[in-house]
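Visitor: For reference, this is target28.txt, and it has compact mmCIF, N, CA and C atoms.
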# COMPACT_ATOMS: atom_id res chain seq x y z
N MET A 1 19.46 -70.89 -14.58
CA MET A 1 20.38 -69.79 -14.38
C MET A 1 19.71 -68.59 -13.72
N GLU A 2 18.39 -68.58 -13.66
CA GLU A 2 17.71 -67.45 -13.04
C GLU A 2 18.04 -67.33 -11.57
N SER A 3 18.30 -68.45 -10.91
CA SER A 3 18.60 -68.41 -9.48
C SER A 3 19.98 -67.82 -9.20
N MET A 4 20.78 -67.61 -10.22
CA MET A 4 22.12 -67.07 -10.03
C MET A 4 22.12 -65.55 -10.08
N GLY A 5 20.92 -64.93 -10.04
CA GLY A 5 20.81 -63.47 -10.05
C GLY A 5 21.43 -62.88 -8.80
N LYS A 6 21.46 -61.58 -8.77
CA LYS A 6 22.07 -60.90 -7.62
C LYS A 6 21.23 -61.11 -6.37
N LYS A 7 21.93 -61.31 -5.28
CA LYS A 7 21.29 -61.47 -3.98
C LYS A 7 20.91 -60.09 -3.46
N LYS A 8 19.72 -59.95 -2.89
CA LYS A 8 19.31 -58.66 -2.35
C LYS A 8 20.18 -58.32 -1.15
N PRO A 9 20.63 -57.07 -1.08
CA PRO A 9 21.44 -56.69 0.09
C PRO A 9 20.59 -56.66 1.35
N ARG A 10 21.21 -57.03 2.43
CA ARG A 10 20.52 -57.02 3.72
C ARG A 10 20.31 -55.57 4.14
N PRO A 11 19.11 -55.23 4.63
CA PRO A 11 18.89 -53.84 5.08
C PRO A 11 19.81 -53.53 6.26
N ARG A 12 20.23 -52.30 6.34
CA ARG A 12 21.14 -51.88 7.42
C ARG A 12 20.39 -51.95 8.75
N ARG A 13 21.05 -52.58 9.70
CA ARG A 13 20.44 -52.71 11.03
C ARG A 13 21.29 -51.96 12.04
N SER A 14 20.67 -51.60 13.16
CA SER A 14 21.43 -50.98 14.24
C SER A 14 21.21 -51.80 15.50
N PHE A 15 22.22 -51.80 16.34
CA PHE A 15 22.19 -52.61 17.55
C PHE A 15 22.52 -51.75 18.76
N THR A 16 21.95 -52.08 19.88
CA THR A 16 22.19 -51.32 21.11
C THR A 16 23.59 -51.62 21.62
N PRO A 17 24.15 -50.69 22.36
CA PRO A 17 25.47 -50.94 22.97
C PRO A 17 25.45 -52.17 23.89
N GLU A 18 24.32 -52.41 24.53
CA GLU A 18 24.21 -53.58 25.42
C GLU A 18 24.31 -54.88 24.62
N PHE A 19 23.65 -54.93 23.47
CA PHE A 19 23.70 -56.12 22.63
C PHE A 19 25.12 -56.35 22.13
N LYS A 20 25.78 -55.29 21.68
CA LYS A 20 27.15 -55.41 21.19
C LYS A 20 28.08 -55.92 22.30
N ALA A 21 27.88 -55.39 23.51
CA ALA A 21 28.71 -55.82 24.65
C ALA A 21 28.49 -57.30 24.94
N GLU A 22 27.27 -57.75 24.82
CA GLU A 22 26.96 -59.16 25.06
C GLU A 22 27.65 -60.05 24.02
N ILE A 23 27.62 -59.64 22.76
CA ILE A 23 28.27 -60.40 21.69
C ILE A 23 29.78 -60.42 21.92
N VAL A 24 30.35 -59.28 22.28
CA VAL A 24 31.79 -59.21 22.55
C VAL A 24 32.15 -60.15 23.69
N GLU A 25 31.34 -60.15 24.74
CA GLU A 25 31.61 -61.02 25.88
C GLU A 25 31.59 -62.49 25.46
N LEU A 26 30.62 -62.86 24.63
CA LEU A 26 30.55 -64.25 24.15
C LEU A 26 31.81 -64.63 23.37
N CYS A 27 32.30 -63.72 22.57
CA CYS A 27 33.50 -64.00 21.77
C CYS A 27 34.74 -64.08 22.66
N GLN A 28 34.80 -63.23 23.67
CA GLN A 28 35.98 -63.18 24.53
C GLN A 28 36.07 -64.37 25.48
N ARG A 29 34.92 -65.00 25.76
CA ARG A 29 34.93 -66.19 26.62
C ARG A 29 35.73 -67.31 25.99
N GLY A 30 35.68 -67.38 24.67
CA GLY A 30 36.44 -68.41 23.97
C GLY A 30 35.69 -69.71 23.74
N ASP A 31 34.43 -69.78 24.16
CA ASP A 31 33.65 -71.00 23.95
C ASP A 31 33.39 -71.25 22.47
N ARG A 32 33.15 -70.17 21.75
CA ARG A 32 32.84 -70.26 20.32
C ARG A 32 33.71 -69.29 19.54
N SER A 33 33.91 -69.58 18.28
CA SER A 33 34.70 -68.69 17.43
C SER A 33 33.86 -67.47 17.06
N VAL A 34 34.53 -66.45 16.56
CA VAL A 34 33.84 -65.24 16.13
C VAL A 34 32.83 -65.59 15.03
N GLY A 35 33.26 -66.42 14.11
CA GLY A 35 32.39 -66.83 13.02
C GLY A 35 31.15 -67.55 13.51
N GLN A 36 31.31 -68.40 14.51
CA GLN A 36 30.18 -69.15 15.05
C GLN A 36 29.20 -68.23 15.78
N VAL A 37 29.73 -67.30 16.56
CA VAL A 37 28.86 -66.33 17.26
C VAL A 37 28.09 -65.51 16.24
N ALA A 38 28.78 -65.05 15.19
CA ALA A 38 28.13 -64.25 14.15
C ALA A 38 27.01 -65.06 13.49
N LYS A 39 27.28 -66.30 13.19
CA LYS A 39 26.28 -67.16 12.54
C LYS A 39 25.09 -67.41 13.46
N ASP A 40 25.36 -67.69 14.74
CA ASP A 40 24.30 -67.97 15.70
C ASP A 40 23.33 -66.79 15.87
N PHE A 41 23.85 -65.56 15.75
CA PHE A 41 23.02 -64.38 15.96
C PHE A 41 22.66 -63.67 14.66
N ASP A 42 22.90 -64.32 13.53
CA ASP A 42 22.59 -63.77 12.21
C ASP A 42 23.24 -62.40 12.02
N LEU A 43 24.54 -62.34 12.32
CA LEU A 43 25.33 -61.13 12.16
C LEU A 43 26.43 -61.39 11.14
N THR A 44 27.03 -60.33 10.63
CA THR A 44 28.18 -60.53 9.76
C THR A 44 29.42 -60.67 10.63
N GLU A 45 30.33 -61.51 10.18
CA GLU A 45 31.56 -61.72 10.93
C GLU A 45 32.37 -60.42 11.01
N THR A 46 32.31 -59.63 9.95
CA THR A 46 33.02 -58.35 9.93
C THR A 46 32.52 -57.42 11.03
N ALA A 47 31.21 -57.34 11.19
CA ALA A 47 30.64 -56.47 12.23
C ALA A 47 31.08 -56.93 13.62
N VAL A 48 31.05 -58.22 13.85
CA VAL A 48 31.44 -58.75 15.17
C VAL A 48 32.91 -58.46 15.43
N ARG A 49 33.75 -58.62 14.42
CA ARG A 49 35.18 -58.32 14.60
C ARG A 49 35.40 -56.83 14.87
N GLN A 50 34.63 -55.97 14.22
CA GLN A 50 34.74 -54.53 14.49
C GLN A 50 34.34 -54.21 15.92
N TRP A 51 33.28 -54.86 16.41
CA TRP A 51 32.85 -54.65 17.79
C TRP A 51 33.93 -55.11 18.77
N LEU A 52 34.56 -56.23 18.46
CA LEU A 52 35.65 -56.74 19.31
C LEU A 52 36.82 -55.76 19.34
N ASN A 53 37.22 -55.27 18.16
CA ASN A 53 38.33 -54.31 18.09
C ASN A 53 38.00 -53.04 18.86
N GLN A 54 36.76 -52.55 18.73
CA GLN A 54 36.36 -51.32 19.44
C GLN A 54 36.37 -51.55 20.95
N ALA A 55 35.92 -52.70 21.38
CA ALA A 55 35.93 -53.02 22.82
C ALA A 55 37.36 -53.06 23.35
N GLU A 56 38.28 -53.60 22.55
CA GLU A 56 39.68 -53.63 22.97
C GLU A 56 40.25 -52.21 23.06
N ARG A 57 39.91 -51.36 22.09
CA ARG A 57 40.37 -49.96 22.14
C ARG A 57 39.84 -49.26 23.38
N ASP A 58 38.54 -49.47 23.65
CA ASP A 58 37.93 -48.83 24.81
C ASP A 58 38.57 -49.30 26.11
N ALA A 59 39.05 -50.55 26.11
CA ALA A 59 39.70 -51.10 27.31
C ALA A 59 41.17 -50.70 27.38
N GLY A 60 41.68 -50.04 26.34
CA GLY A 60 43.07 -49.60 26.35
C GLY A 60 44.05 -50.63 25.83
N THR A 61 43.56 -51.71 25.26
CA THR A 61 44.46 -52.75 24.77
C THR A 61 44.40 -52.91 23.26
N GLY A 62 43.75 -52.00 22.59
CA GLY A 62 43.52 -52.14 21.15
C GLY A 62 44.69 -51.68 20.30
N ASP A 63 44.39 -51.44 19.04
CA ASP A 63 45.39 -51.11 18.04
C ASP A 63 45.73 -49.63 17.97
N GLY A 64 45.32 -48.86 18.93
CA GLY A 64 45.66 -47.44 18.94
C GLY A 64 44.64 -46.55 18.25
N GLY A 65 43.51 -47.11 17.79
CA GLY A 65 42.47 -46.31 17.17
C GLY A 65 41.73 -45.49 18.22
N LEU A 66 40.73 -44.76 17.79
CA LEU A 66 39.96 -43.91 18.69
C LEU A 66 39.01 -44.75 19.55
N THR A 67 38.91 -44.38 20.81
CA THR A 67 37.94 -45.03 21.68
C THR A 67 36.56 -44.49 21.35
N THR A 68 35.53 -45.12 21.88
CA THR A 68 34.16 -44.69 21.62
C THR A 68 33.94 -43.26 22.09
N SER A 69 34.44 -42.92 23.27
CA SER A 69 34.25 -41.56 23.78
C SER A 69 35.00 -40.54 22.92
N GLU A 70 36.18 -40.93 22.40
CA GLU A 70 36.91 -40.03 21.52
C GLU A 70 36.17 -39.83 20.20
N LYS A 71 35.55 -40.89 19.69
CA LYS A 71 34.76 -40.78 18.46
C LYS A 71 33.57 -39.85 18.67
N ASP A 72 32.90 -39.99 19.82
CA ASP A 72 31.76 -39.13 20.13
C ASP A 72 32.19 -37.67 20.23
N GLU A 73 33.33 -37.44 20.90
CA GLU A 73 33.83 -36.07 21.04
C GLU A 73 34.21 -35.49 19.69
N LEU A 74 34.85 -36.30 18.85
CA LEU A 74 35.24 -35.84 17.52
C LEU A 74 34.01 -35.46 16.68
N ALA A 75 32.98 -36.27 16.74
CA ALA A 75 31.75 -35.96 15.99
C ALA A 75 31.13 -34.66 16.49
N GLN A 76 31.11 -34.47 17.81
CA GLN A 76 30.55 -33.24 18.40
C GLN A 76 31.37 -32.03 17.99
N LEU A 77 32.69 -32.15 17.99
CA LEU A 77 33.55 -31.04 17.60
C LEU A 77 33.40 -30.70 16.12
N ARG A 78 33.21 -31.72 15.29
CA ARG A 78 33.00 -31.48 13.86
C ARG A 78 31.69 -30.75 13.61
N ARG A 79 30.63 -31.12 14.36
CA ARG A 79 29.35 -30.40 14.24
C ARG A 79 29.52 -28.95 14.64
N GLU A 80 30.19 -28.72 15.77
CA GLU A 80 30.39 -27.36 16.26
C GLU A 80 31.24 -26.55 15.28
N ASN A 81 32.26 -27.17 14.72
CA ASN A 81 33.13 -26.50 13.76
C ASN A 81 32.34 -26.09 12.52
N ARG A 82 31.47 -26.98 12.02
CA ARG A 82 30.64 -26.68 10.86
C ARG A 82 29.71 -25.50 11.15
N ARG A 83 29.10 -25.49 12.35
CA ARG A 83 28.20 -24.40 12.73
C ARG A 83 28.95 -23.08 12.83
N LEU A 84 30.15 -23.10 13.40
CA LEU A 84 30.93 -21.88 13.53
C LEU A 84 31.38 -21.35 12.17
N ARG A 85 31.73 -22.26 11.25
CA ARG A 85 32.10 -21.83 9.90
C ARG A 85 30.91 -21.16 9.21
N GLU A 86 29.70 -21.72 9.41
CA GLU A 86 28.50 -21.10 8.84
C GLU A 86 28.27 -19.72 9.44
N ASP A 87 28.47 -19.59 10.75
CA ASP A 87 28.32 -18.29 11.41
C ASP A 87 29.30 -17.26 10.84
N VAL A 88 30.55 -17.67 10.65
CA VAL A 88 31.57 -16.77 10.11
C VAL A 88 31.19 -16.35 8.70
N ASP A 89 30.69 -17.30 7.89
CA ASP A 89 30.28 -16.99 6.52
C ASP A 89 29.15 -15.96 6.51
N ILE A 90 28.18 -16.12 7.40
CA ILE A 90 27.07 -15.16 7.49
C ILE A 90 27.59 -13.78 7.88
N LEU A 91 28.49 -13.74 8.84
CA LEU A 91 29.04 -12.45 9.28
C LEU A 91 29.86 -11.78 8.17
N LYS A 92 30.59 -12.59 7.39
CA LYS A 92 31.35 -12.02 6.27
C LYS A 92 30.42 -11.40 5.24
N ARG A 93 29.32 -12.10 4.94
CA ARG A 93 28.36 -11.57 3.96
C ARG A 93 27.70 -10.29 4.48
N ALA A 94 27.36 -10.29 5.77
CA ALA A 94 26.74 -9.10 6.36
C ALA A 94 27.71 -7.92 6.33
N THR A 95 28.97 -8.18 6.63
CA THR A 95 29.98 -7.12 6.61
C THR A 95 30.12 -6.56 5.20
N ALA A 96 30.17 -7.44 4.21
CA ALA A 96 30.29 -6.99 2.81
C ALA A 96 29.07 -6.18 2.40
N PHE A 97 27.89 -6.61 2.84
CA PHE A 97 26.66 -5.90 2.50
C PHE A 97 26.67 -4.50 3.08
N PHE A 98 26.97 -4.38 4.36
CA PHE A 98 26.93 -3.07 5.00
C PHE A 98 28.09 -2.19 4.56
N ALA A 99 29.22 -2.76 4.18
CA ALA A 99 30.36 -1.97 3.70
C ALA A 99 30.07 -1.38 2.33
N SER A 100 29.20 -2.02 1.55
CA SER A 100 28.91 -1.52 0.21
C SER A 100 27.89 -0.39 0.21
N ARG A 101 27.25 -0.12 1.33
CA ARG A 101 26.25 0.96 1.41
C ARG A 101 26.94 2.29 1.58
N ARG A 102 26.27 3.35 1.12
CA ARG A 102 26.79 4.71 1.31
C ARG A 102 26.45 5.19 2.72
N PRO A 103 27.29 6.00 3.29
CA PRO A 103 26.99 6.52 4.64
C PRO A 103 25.66 7.27 4.66
N GLY A 104 24.87 7.04 5.63
CA GLY A 104 23.59 7.71 5.80
C GLY A 104 22.46 7.06 5.02
N GLU A 105 22.75 6.12 4.16
CA GLU A 105 21.71 5.43 3.38
C GLU A 105 20.96 4.48 4.30
N LEU A 106 19.64 4.55 4.24
CA LEU A 106 18.82 3.68 5.08
C LEU A 106 18.34 2.48 4.28
N LEU A 107 18.07 1.42 5.00
CA LEU A 107 17.52 0.23 4.37
C LEU A 107 16.04 0.41 4.13
N SER A 108 15.55 -0.08 3.01
CA SER A 108 14.13 -0.06 2.73
C SER A 108 13.50 -1.25 3.44
N VAL A 109 12.52 -0.97 4.29
CA VAL A 109 11.90 -2.01 5.09
C VAL A 109 10.43 -2.09 4.74
N HIS A 110 9.95 -3.28 4.49
CA HIS A 110 8.53 -3.47 4.18
C HIS A 110 7.76 -3.55 5.50
N ARG A 111 6.80 -2.64 5.66
CA ARG A 111 5.99 -2.62 6.88
C ARG A 111 4.54 -2.69 6.48
N GLY A 112 4.04 -3.86 6.23
CA GLY A 112 2.65 -4.14 5.88
C GLY A 112 1.87 -2.97 5.30
N GLY A 113 1.78 -2.83 4.01
CA GLY A 113 1.02 -1.78 3.37
C GLY A 113 1.83 -0.56 3.00
N GLU A 114 3.05 -0.46 3.46
CA GLU A 114 3.89 0.68 3.15
C GLU A 114 5.04 0.28 2.24
N ALA A 115 4.82 -0.74 1.42
CA ALA A 115 5.89 -1.25 0.56
C ALA A 115 6.37 -0.19 -0.40
N GLY A 116 7.65 -0.14 -0.60
CA GLY A 116 8.22 0.76 -1.59
C GLY A 116 8.53 2.15 -1.07
N ARG A 117 8.04 2.52 0.10
CA ARG A 117 8.33 3.84 0.64
C ARG A 117 9.64 3.79 1.42
N PRO A 118 10.68 4.48 0.99
CA PRO A 118 11.94 4.43 1.75
C PRO A 118 11.81 5.14 3.09
N GLN A 119 12.53 4.68 4.03
CA GLN A 119 12.55 5.29 5.36
C GLN A 119 13.37 6.58 5.28
N ARG A 120 12.97 7.57 6.03
CA ARG A 120 13.69 8.85 6.01
C ARG A 120 14.39 9.03 7.35
N GLU A 121 15.54 9.67 7.26
CA GLU A 121 16.27 9.97 8.49
C GLU A 121 15.59 11.13 9.22
N ALA A 122 15.67 11.14 10.51
CA ALA A 122 15.09 12.23 11.29
C ALA A 122 15.86 13.53 11.00
N GLY A 123 15.16 14.59 10.76
CA GLY A 123 15.78 15.88 10.54
C GLY A 123 16.14 16.13 9.10
N VAL A 124 15.77 15.26 8.18
CA VAL A 124 16.09 15.49 6.77
C VAL A 124 14.88 15.90 6.01
What would the structure in this file look like if it were written as structure tokens?

Guide:
Amino acid sequence: MESMGKKKPRPRRSFTPEFKAEIVELCQRGDRSVGQVAKDFDLTETAVRQWLNQAERDAGTGDGGLTTSEKDELAQLRRENRRLREDVDILKRATAFFASRRPGELLSVHRGGEAGRPQREAGV
């Protein structure tokens, strides 16, 4: 019964777009089934089917999902959106900080060796 233990999961692999295109082409030729192509190249059938579906979407004949270029654009826009939200958050905090200060109050700045001495306004 020891051999019935859990099978180790396969480490995640990545494949080049050229390799994926080659696999898709082999499947589309019709010489071999998707399952056979997956087995011959030690791939999962699910991955090969996903590559086929994505290739169909990219060609405009798919199920209406996002094309590869649309996915890339969406990822880029999400990164930019996250960065802009962070920028807005920083500006909100800075605004709140400066709004809470009294008029004419100066910030205490540490200048190597002069720690703790507040800055004075000119003419005061």

Visitor: One decimal, Å: what's the distance from atom N of Glu73 of chain A over to atom N of Arg57 of chain A, could you say?

Guide: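 Going from atom N of Glu73 of chain A over to atom N of Arg57 of chain A covers 15.4 Å.
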
Visitor: Report, in Å with one decimal, the straight-line distance from atom CA of Ala21 of chain A to atom CA of Arg79 of chain A.

Guide: 27.5 Å

Visitor: So the first atom is atom C of Arg29 of chain A and the second is atom C of Asp63 of chain A; what is the distance between them in Å, to one decimal place?

Guide: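 Interatomic distance here is 21.8 Å.
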